[in-house]
Amino acid sequence: MRALTWQSKGQVEVQDVPDPTIQEPTDAIVRITSTAICGSDLHLYDVLAPYLTPGDVLGHEFMGIVEEVGSETGSLSVGDRVVVPFNISCGRCWMCTHGLQSQCETTQVTEQGKGAQLFGYTSLYGAVPGGQAQYARVPQAQYGPIRIPQEGADERYLYLSDILPTAWQGVEYADLPEGGTLAVIGLGPVGQLATRVGRHVGAGRVIGVDLVPERLAMAAAHGIETVDASTVDDVGHALLTMTGGRGADSVIDSVGMEAHGNPIAEAVIGVASSLPKPVARAATNRFGIDRLAALKASIAGVRRGGTVSLLGVYGGMADPMPMMEMFDKQIALRMGQANVHRWSDGLLELLKQSEDVFDVEGLATHHLDLEAAPDAYEMFKEKRDGCIKVVLKPAA
């Protein structure tokens with residue numbers, strides 16, 4: 001089959017790779033009909049490069065048709081149309097039964113000290129081949145795949161794999177009061193959905209912050225107040241000014257380690273990811289730092305006693321945090337990988353409505369063949385051609 005593979009830092013290629021096969025009785029094989037490029041895939045370009053091996057199949061947002069099932073996949077059947085959550089969870093362990101599927105004790109990557117396995121996301125998370133391919137092996141298929149209606153556009157349901165439940169969890173974790181003010185820093189795909197979720201659950205005011213014109217325009221078209229970060233000296237101060245000096249009740253950082261604004265951190269990240277793999281892994285594990293511009297703006301812009309919710313992925317082990325400010329302002333801070341199955345039932349019911357509640361079908365700006373994935377990664381990374389979200393279509 002054809003699949004997108006990681007080759008080296010900043011280089012991915014579509015190659016012929018072996019077709020996946022059933023390896024465990026709880027496995028299923030899914031023929032992929034749509035797969036997307038996620039902002040966290042870009043971390044594989046640089047920060048997480050030491051944990052990848054040439055030939056690793058990437059991608060963790062995908063959906064398709066079940067082609068084969070193992071003997072212990074429950075009621076899952078050949079021909080079912082499914083979305084596959086990005087985290088691999090069993091549904092039976094203590095973590096799963098307590099709504100923490102991203103920490104599944106059956107698939108935890110304990111040798112790396114990490115949570116549940118993820119599709120297409122480095123040896124840190126199990127080195128499970130991903131879904132930017134024609135087919136994928138889906139472990140724990142007795143629980144993982146979300147069955148969806150046979151009819152309807154793929155993009156009505158595709159984002160159940162990751163970014164829609166991620167956005168929903170981010171708003172839940174933000175502890176937004178009814179009628180309160182929500183600020184979302186970073187208006188990439190997850191940030192766009194977080195603003196829409198915020199409005200859906202009753203925010204009185206939603207403010208979106210970014211510096212990319214197309215992202216700001218998309219948010220504004222959905223009724224979001226916007227702040228162009230390139231025109232203000234201090235995003236946190238701008239949020240305080242817009243809220244009468246108090247700050248937003250809840251702030252979501254949907255940027256993470258890709259934040260702009262810290263050339264020193266960027267240089268350190270670049271050096272660390274270029275070292276020989278064993279040295280690079282050790283350096284990242286002990287001394288890794290992130291670009292923290294978005295996080296610091298979130299802490300500065302939230303009101304005293306408010307909540308900061310982190311949706312953006314951070315990977316640093318030695319990030320300098322403004323602890324004095326956080327303590328003095330009595331901030332609550334929540335974060336973590338989305339527990340997809342915790343939210344998927346309710347979200348699926350919303351998506352089944354005739355109205356496209358979150359305008360998910362209008363989110364993707366680019367629809368391309370899987371063969372175009374290497375160029376699409378570069379376009380997405382560089383934010384060229386108004387690129388906000390890319391959906392790839394593998395050839396049958």
# chains A, B, ... in the order shown; residues from 1 in each chain; ligands from 1
$ select_by_dssp --residues "region 129-207 of chain A" --states "strand (DSSP E or B)" --output "list in words"
Ala133, Tyr135, Ala136, Arg137, Val138, Ile146, Arg147, Thr181, Leu182, Ala183, Val184, Ile185, Arg205, Val206 and Ile207 of chain A
$ select_by_dssp --residues "region 114-278 of chain A" --states "helix (DSSP H, G or I)" --output "PyMOL selection string"
chain A and resi 123-125+154-161+163-173+189-200+213-221+229-231+235-242+256-258+263-274+277-278
$ closest_atom_pairs --of "region 14-57 of chain A" --to "region 365-386 of chain A" --cutoff "8 Å" --atoms "only C-alpha atoms" --output "JSON lines"
{"residue": "A:Val14", "atom": "CA", "partner": "A:Glu371", "partner_atom": "CA", "distance": 6.1}
{"residue": "A:Ile37", "atom": "CA", "partner": "A:Tyr377", "partner_atom": "CA", "distance": 7.4}
{"residue": "A:Leu42", "atom": "CA", "partner": "A:Lys381", "partner_atom": "CA", "distance": 6.6}
$ closest_atom_pairs --of "region 12-58 of chain A" --to "region 63-66 of chain A" --cutoff "8 Å" --atoms "only C-alpha atoms" --output "Markdown table"
| residue | atom | partner | partner_atom | distance |
| --- | --- | --- | --- | --- |
| A:Ala28 | CA | A:Val66 | CA | 7.0 |
| A:Ile29 | CA | A:Val66 | CA | 6.0 |
| A:Val30 | CA | A:Val66 | CA | 4.4 |
| A:Arg31 | CA | A:Ile65 | CA | 5.2 |
| A:Ile32 | CA | A:Gly64 | CA | 4.2 |
| A:Thr33 | CA | A:Gly64 | CA | 4.7 |
| A:Ser34 | CA | A:Met63 | CA | 5.7 |
| A:Thr35 | CA | A:Met63 | CA | 6.5 |
$ residues_around --residues "Leu347 (chain A)" --least-positions-apart "2" --cutoff "9 Å" --atoms "only C-alpha atoms" --output "PDB file with C-alpha atoms, in the first residue's frame"
ATOM      1  CA  LEU A 160     -14.018  13.065  15.885  1.00  0.00           C
ATOM      2  CA  LEU A 164     -13.117  18.133  17.828  1.00  0.00           C
ATOM      3  CA  PRO A 165     -12.954  16.187  21.120  1.00  0.00           C
ATOM      4  CA  TRP A 168     -14.407  20.162  23.504  1.00  0.00           C
ATOM      5  CA  TRP A 343     -16.771  13.010  24.690  1.00  0.00           C
ATOM      6  CA  SER A 344     -17.471  11.117  21.460  1.00  0.00           C
ATOM      7  CA  ASP A 345     -21.037   9.941  22.146  1.00  0.00           C
ATOM      8  CA  GLU A 349     -25.195  13.150  18.331  1.00  0.00           C
ATOM      9  CA  LEU A 350     -24.461  16.806  17.588  1.00  0.00           C
ATOM     10  CA  LEU A 351     -22.765  15.897  14.306  1.00  0.00           C
ATOM     11  CA  LYS A 352     -25.726  13.769  13.217  1.00  0.00           C
TER      12      LYS A 352
END
$ residues_around --residues "Val212 (chain A)" --least-positions-apart "6" --cutoff "12 Å" --atoms "only C-alpha atoms" --output "CSV table (one decimal) with C-alpha atoms, in the first residue's frame"
chain,number,residue,atom,x,y,z
A,185,ILE,CA,-4.8,31.9,21.8
A,186,GLY,CA,-4.0,30.3,18.5
A,187,LEU,CA,-6.6,29.9,15.7
A,188,GLY,CA,-5.4,26.9,13.9
A,218,MET,CA,-12.2,32.5,9.5
A,219,ALA,CA,-12.8,33.2,13.2
A,226,THR,CA,-10.3,38.7,17.1
A,227,VAL,CA,-6.9,40.1,18.1
A,228,ASP,CA,-4.1,40.3,15.6
A,229,ALA,CA,-1.1,39.4,17.7
A,230,SER,CA,1.2,41.0,15.1
A,231,THR,CA,-0.2,44.4,15.9
A,260,HIS,CA,6.4,32.2,17.9
A,382,GLU,CA,4.8,27.5,6.5
A,383,LYS,CA,1.1,28.6,6.5
A,384,ARG,CA,1.2,29.2,2.7
A,385,ASP,CA,-1.7,29.6,0.4
A,386,GLY,CA,-4.1,30.3,3.2
A,387,CYS,CA,-3.6,26.8,4.6
A,388,ILE,CA,-5.5,26.2,7.8
